[in-house]
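Peer 1: Below you'll find structure_32.cif; it's mmCIF, C-alpha atoms.
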```cif
data_input
#
loop_
_atom_site.label_atom_id
_atom_site.label_comp_id
_atom_site.auth_asym_id
_atom_site.auth_seq_id
_atom_site.Cartn_x
_atom_site.Cartn_y
_atom_site.Cartn_z
CA MET G 265 9.56 -13.13 15.01
CA LYS G 266 11.56 -9.94 15.41
CA LYS G 267 9.78 -6.78 16.48
CA GLN G 268 10.91 -5.05 13.26
CA SER G 269 9.38 -7.88 11.19
CA VAL G 270 6.03 -7.27 12.89
CA TRP G 271 6.22 -3.58 11.99
CA PHE G 272 7.11 -4.51 8.42
CA ILE G 273 3.89 -6.55 8.24
CA VAL G 274 1.93 -3.65 9.78
CA LEU G 275 3.48 -1.38 7.12
CA HIS G 276 2.18 -3.59 4.34
CA LEU G 277 -1.25 -3.85 5.93
CA ALA G 278 -1.33 -0.04 6.11
CA LEU G 279 -0.34 0.18 2.45
CA LEU G 280 -3.08 -2.32 1.57
CA VAL G 281 -5.61 -0.10 3.39
CA TYR G 282 -4.26 2.94 1.52
CA ALA G 283 -4.58 1.19 -1.84
CA GLY G 284 -8.07 0.00 -0.86
CA SER G 285 -9.17 3.58 -0.43
CA GLY G 286 -8.85 3.88 -4.19
CA ILE G 287 -11.67 1.36 -4.56
CA CYS G 288 -14.04 3.61 -2.61
CA SER G 289 -12.89 6.60 -4.63
CA LYS G 290 -13.46 4.93 -7.98
CA LEU G 291 -16.85 3.57 -6.95
CA ALA G 292 -17.90 6.98 -5.65
CA SER G 293 -16.94 8.58 -8.95
CA GLY G 294 -19.74 6.62 -10.63
CA GLN G 295 -22.40 7.96 -8.25
CA THR G 296 -24.47 11.11 -8.35
CA VAL G 297 -22.78 13.81 -6.28
CA LEU G 298 -24.22 14.02 -2.74
CA SER G 299 -26.41 10.94 -3.21
CA LEU G 300 -26.47 8.44 -0.35
CA PRO G 301 -24.15 5.93 -2.12
CA PHE G 302 -21.74 8.78 -2.93
CA LEU G 303 -21.69 9.96 0.69
CA LEU G 304 -21.27 6.42 2.04
CA LEU G 305 -18.41 5.65 -0.33
CA TYR G 306 -16.63 8.91 0.43
CA GLY G 307 -17.24 8.33 4.12
CA GLY G 308 -15.60 4.92 3.70
CA LEU G 309 -12.74 6.56 1.85
CA ILE G 310 -12.18 9.03 4.68
CA CYS G 311 -12.32 6.22 7.27
CA LEU G 312 -9.79 4.13 5.35
CA LEU G 313 -7.45 7.09 4.97
CA GLY G 314 -7.79 7.81 8.70
CA ILE G 315 -6.88 4.21 9.55
CA TYR G 316 -3.96 4.41 7.14
CA ALA G 317 -2.73 7.68 8.70
CA VAL G 318 -2.72 6.20 12.22
CA LEU G 319 -0.97 3.02 11.06
CA TRP G 320 1.58 5.01 9.02
CA GLN G 321 2.46 7.19 12.03
CA GLN G 322 3.01 4.10 14.16
CA VAL G 323 5.09 2.39 11.48
CA ILE G 324 7.46 5.31 11.00
CA LYS G 325 8.10 5.35 14.75
CA HIS G 326 9.49 1.81 14.49
CA LEU G 327 10.98 1.52 10.99
CA PRO G 328 13.44 3.75 9.15
CA LEU G 329 11.61 6.32 7.05
CA THR G 330 13.57 5.27 3.96
CA THR G 331 12.31 1.71 4.35
CA ALA G 332 8.72 2.83 4.80
CA TYR G 333 8.77 5.11 1.75
CA ALA G 334 10.55 2.55 -0.44
CA ASN G 335 7.81 0.03 0.34
CA LYS G 336 5.08 2.57 -0.47
CA ALA G 337 5.61 1.82 -4.17
CA ILE G 338 3.83 -1.50 -3.62
CA THR G 339 0.53 0.40 -3.65
CA VAL G 340 0.87 0.57 -7.43
CA VAL G 341 0.86 -3.23 -7.53
CA TRP G 342 -2.23 -3.33 -5.30
CA GLY G 343 -3.89 -0.80 -7.62
CA ILE G 344 -3.23 -3.02 -10.63
CA LEU G 345 -4.64 -6.05 -8.80
CA PHE G 346 -7.69 -4.17 -7.49
CA GLY G 347 -8.41 -2.76 -10.95
CA THR G 348 -8.32 -6.24 -12.43
CA LEU G 349 -10.33 -7.93 -9.66
CA PHE G 350 -12.96 -5.31 -8.84
CA PHE G 351 -13.33 -3.30 -12.04
CA LYS G 352 -12.58 -5.93 -14.71
CA GLU G 353 -9.77 -3.79 -16.12
CA THR G 354 -7.51 -5.53 -18.60
CA LEU G 355 -4.14 -6.62 -17.24
CA THR G 356 -1.43 -5.77 -19.75
CA LEU G 357 2.07 -7.12 -20.21
CA GLN G 358 3.47 -3.67 -19.39
CA GLN G 359 1.59 -3.65 -16.06
CA ILE G 360 2.91 -7.10 -15.21
CA ILE G 361 6.47 -6.05 -16.06
CA GLY G 362 6.05 -2.85 -14.06
CA ALA G 363 4.70 -4.76 -11.04
CA VAL G 364 7.62 -7.19 -11.17
CA ILE G 365 10.09 -4.29 -11.35
CA ILE G 366 8.43 -2.63 -8.35
CA ILE G 367 8.45 -5.83 -6.31
CA LEU G 368 12.10 -6.50 -7.18
CA GLY G 369 13.03 -2.91 -6.31
CA VAL G 370 11.32 -3.12 -2.92
CA TRP G 371 12.91 -6.50 -2.26
CA LEU G 372 16.39 -5.21 -3.17
CA PHE G 373 15.97 -2.16 -0.96
CA VAL G 374 14.77 -4.19 2.03
CA ARG G 375 17.57 -6.69 1.52
CA ALA G 376 20.19 -3.92 1.38
CA ASP G 377 18.62 -2.24 4.41
CA ARG G 378 18.87 -5.45 6.42
CA GLU G 379 22.49 -6.01 5.37
CA ASP G 380 23.30 -2.50 6.65
CA GLU G 381 21.71 -3.35 10.00
CA HIS G 382 23.89 -6.44 10.42
CA GLU G 383 27.12 -4.52 9.87
#
```
Mind turning the file's structure into structure tokens?
Peer 2:
Amino acid sequence: MKKQSVWFIVLHLALLVYAGSGICSKLASGQTVLSLPFLLLYGGLICLLGIYAVLWQQVIKHLPLTTAYANKAITVVWGILFGTLFFKETLTLQQIIGAVIIILGVWLFVRADREDEHE
């Protein structure tokens, strides 16, 4: 496996962590402010964002910034999935279409980026 492929996987793990921070945020919003569950959830949120920040800094050292930012849109897809799985939110046709468009856009960008590298 190429070194750049490993960093691409790390990028997506970092983006998964970033999207996961939204779970802590939404759960904390249902708690009484400054209660123990609230503080634990916001502490988890801060930890996840710290992990994401460290991973993001490492990723942008090894991948082009345009590639990293283009892939960041995938967090919307994770948000849709997390909302459906963890919060029983209704998945709509528009969300599915939007997720497919995002995935296709990221795929097209990565594909074009790799073609540029081979030239």
Peer 1: Tell me, as a ChimeraX atom specification, which residues lie within 12 Å of Val364 of chain G, counting all atoms listed in the file; anything in the same chain fewer than 3 positions away does not count.
Peer 2: /G:337-338,340-341,344,357-361,367-371
Peer 1: Translate the PyMOL selection byres ((chain G and resi 326-329) around 9) into a concrete residue list for this structure, as a short mmCIF file (atom, residue, chain, number, x, y, z; two decimals) with C-alpha atoms, in the frame of the given file.
Peer 2:
```
data_model
loop_
_atom_site.label_atom_id
_atom_site.label_comp_id
_atom_site.auth_asym_id
_atom_site.auth_seq_id
_atom_site.Cartn_x
_atom_site.Cartn_y
_atom_site.Cartn_z
CA LYS G 267 9.78 -6.78 16.48
CA GLN G 268 10.91 -5.05 13.26
CA TRP G 271 6.22 -3.58 11.99
CA PHE G 272 7.11 -4.51 8.42
CA LEU G 275 3.48 -1.38 7.12
CA GLN G 322 3.01 4.10 14.16
CA VAL G 323 5.09 2.39 11.48
CA ILE G 324 7.46 5.31 11.00
CA LYS G 325 8.10 5.35 14.75
CA THR G 330 13.57 5.27 3.96
CA THR G 331 12.31 1.71 4.35
CA ALA G 332 8.72 2.83 4.80
CA TYR G 333 8.77 5.11 1.75
CA ALA G 334 10.55 2.55 -0.44
#
```
Peer 1: Which value, in Å to one decimal, gives the distance between atom CA of Leu300 of chain G and atom CA of Thr348 of chain G?
Peer 2: 26.3 Å
Peer 1: Find the residue from G:Val374, G:Ala278, G:Leu355, G:Gly294 that sits nearest to Ala317 of chain G; use only C-alpha atoms when measuring.
Peer 2: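 Counting only C-alpha atoms, the residue closest to Ala317 of chain G is G:Ala278.
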Peer 1: Expanded to explicit residues, what is the PyMOL selection byres ((chain G and resi 286) around 12) for this file, as JSON, numbers by chain?
Peer 2: {"G": [279, 280, 281, 282, 283, 284, 285, 287, 288, 289, 290, 291, 292, 293, 305, 306, 308, 309, 310, 312, 313, 339, 340, 342, 343, 344, 345, 346, 347, 350, 351]}
Peer 1: Go ahead and compute the interatomic distance for atom CA of Leu319 of chain G and atom CA of Leu277 of chain G, in Å to one decimal.
Peer 2: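 Spanning atom CA of Leu319 of chain G to atom CA of Leu277 of chain G is a straight-line distance of 8.6 Å.
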Peer 1: For segment 344-352 of chain G, take all atoms listed in the file, fit an axis-aligned box around them, add 8 Å to each of the six sides, then output centre and edge lengths in Å rounded to one decimal, as JSON.
Peer 2:
```
{"center_x": -8.3, "center_y": -5.3, "center_z": -11.1, "size_x": 26.1, "size_y": 21.2, "size_z": 23.2}
```
Peer 1: So how far away is atom CA of Leu298 of chain G from atom CA of Leu349 of chain G, in Å?
Peer 2: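 Separation of atom CA of Leu349 of chain G and atom CA of Leu298 of chain G: 26.9 Å.
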